[in-house]
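So the structure is just underneath, and the comments pick up after that.
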Amino acid sequence: MTRTYEIAVSGADVPQDVKICLRGDVNEDGSINSKDVTRLRQHLKAPGTYVLSDYANLLANANGDASVNTKDVTRLRQYLKAPASYSIG
Ligand SMILES: [Ca+2]
Ligand SMILES: [Ca+2]
């Protein structure tokens, strides 16, 4: 997953806050757990009601393929059950 930032360089320091989440952390709270599965399932069932940000949509692509769908729900569940056997992303 790639995020791109444009930075204009000047003589002054400019602090930047950047939020970086692990793929699979659909609700962007810093951990991957059943809440992320729920969030993704809600989104897939009613995307107009449970909207994901562009970033959350990237994070939701748990299997790293070209789309966000029920396969990502399955991968998240597999990962949560056996993290040593299944990777995210
Ligand atoms: Ca989370
Ligand atoms: Ca996917």
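Residue numbering restarts at 1 for every chain of the structure tokens, chains are lettered A, B, ... in their displayed order, and ligands are numbered from 1 as they appear.
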
With only C-alpha atoms and all ligand atoms counted and 6 Å as the cut-off, give the residues of chain A in contact with ligand 2, each with its shortest interatomic distance in Å and the pair that gives it, as a tab-separated table.
```
residue	atom	partner	partner_atom_place_in_ligand_line	distance
A:Asn61	CA	ligand 2	1 (Ca)	4.1
A:Ala62	CA	ligand 2	1 (Ca)	5.6
A:Asn63	CA	ligand 2	1 (Ca)	4.8
A:Gly64	CA	ligand 2	1 (Ca)	5.2
A:Asp65	CA	ligand 2	1 (Ca)	4.5
A:Ala66	CA	ligand 2	1 (Ca)	5.9
A:Ser67	CA	ligand 2	1 (Ca)	4.5
A:Val68	CA	ligand 2	1 (Ca)	4.2
A:Asn69	CA	ligand 2	1 (Ca)	5.9
A:Asp72	CA	ligand 2	1 (Ca)	5.0
```

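The environment of stretch 16-22 of chain A within 10 Å, counting only C-alpha atoms and disregarding residues fewer than 5 places along the same chain, consists of Met1, Arg3, Tyr5, Ile7, Asn27, Glu28, Asp29, Gly30, Ser31, Ile32, Tyr55, Ala56, Leu59, Ala60, Ala62, Ile88 and Gly89 of chain A.
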
Would you put the residues from that selection into a file with N, CA and C atoms, as a short mmCIF file (atom, residue, chain, number, x, y, z; two decimals), in the first residue's frame?
```
data_model
loop_
_atom_site.label_atom_id
_atom_site.label_comp_id
_atom_site.auth_asym_id
_atom_site.auth_seq_id
_atom_site.Cartn_x
_atom_site.Cartn_y
_atom_site.Cartn_z
N MET A 1 0.85 -1.16 0.00
CA MET A 1 0.00 0.00 0.00
C MET A 1 0.89 1.23 0.00
N ARG A 3 1.04 5.49 0.14
CA ARG A 3 0.41 6.80 0.34
C ARG A 3 1.43 7.83 -0.11
N TYR A 5 2.61 11.87 -0.34
CA TYR A 5 2.47 13.20 0.22
C TYR A 5 3.32 14.16 -0.58
N ILE A 7 5.33 17.55 -0.45
CA ILE A 7 5.92 18.42 0.57
C ILE A 7 6.73 19.51 -0.12
N ASN A 27 -11.30 0.06 10.64
CA ASN A 27 -11.84 1.21 11.36
C ASN A 27 -10.76 2.17 11.87
N GLU A 28 -9.51 1.91 11.48
CA GLU A 28 -8.40 2.82 11.75
C GLU A 28 -8.22 3.13 13.23
N ASP A 29 -8.40 2.12 14.10
CA ASP A 29 -8.23 2.36 15.54
C ASP A 29 -6.91 1.82 16.09
N GLY A 30 -6.04 1.32 15.21
CA GLY A 30 -4.72 0.89 15.64
C GLY A 30 -4.57 -0.60 15.89
N SER A 31 -5.64 -1.36 15.80
CA SER A 31 -5.52 -2.81 15.96
C SER A 31 -6.44 -3.52 14.98
N ILE A 32 -6.14 -4.76 14.71
CA ILE A 32 -6.97 -5.57 13.81
C ILE A 32 -7.72 -6.57 14.67
N TYR A 55 -8.72 5.89 2.41
CA TYR A 55 -7.66 5.17 3.12
C TYR A 55 -8.21 3.88 3.73
N ALA A 56 -9.36 3.97 4.38
CA ALA A 56 -9.97 2.77 4.98
C ALA A 56 -10.28 1.73 3.91
N LEU A 59 -7.14 -0.06 3.36
CA LEU A 59 -6.87 -0.92 4.50
C LEU A 59 -7.76 -2.16 4.49
N ALA A 60 -8.95 -2.02 3.92
CA ALA A 60 -9.93 -3.12 3.90
C ALA A 60 -9.54 -4.22 2.92
N ALA A 62 -7.79 -6.75 2.53
CA ALA A 62 -6.97 -7.63 3.38
C ALA A 62 -6.17 -8.66 2.59
N ILE A 88 -1.99 -10.59 6.08
CA ILE A 88 -2.85 -9.52 5.62
C ILE A 88 -2.05 -8.71 4.60
N GLY A 89 -2.64 -8.53 3.45
CA GLY A 89 -2.02 -7.69 2.45
C GLY A 89 -1.22 -8.38 1.42
#
```

Quick one: DSSP alpha helix (DSSP H) residues in chain A, as a PyMOL selection string? chain A and resi 34-45+54-59+70-81

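The shortest atom-to-atom distance to ligand 1, with only C-alpha atoms and all ligand atoms taken into account, belongs to A:Thr38 out of A:Gln78, A:Ser53, A:Thr38, A:Ser10.
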
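Remark: for A:Ser87, the closest of the candidate residues A:Gly24, A:Ser34, A:Leu40, A:Asp54 is A:Gly24 (distances computed over only C-alpha atoms).
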
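Taking only C-alpha atoms and all ligand atoms into account, ligand 1 lies nearest to A:Asn33 out of the set A:Arg77, A:Arg23, A:Asn33, A:Asp13.
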
Straight-line distance linking atom CA of A:Val73 with atom CA of A:Val26, stated in Å to one decimal: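 About the pair atom CA of A:Val73 and atom CA of A:Val26: they are 10.6 Å apart.
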
As a check of understanding: the span from atom CA of A:Thr70 to atom CA of A:Thr4 is 27.5 Å

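Take atom CA of A:Leu52 and atom CA of A:Arg39: the distance between them is 8.9 Å.
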
Which residue of A:Asn57, A:Ser85, A:Val14, A:Asp25 approaches A:Leu44 most closely, using only C-alpha atoms: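 Using only C-alpha atoms, A:Leu44 sits closest to A:Asn57.
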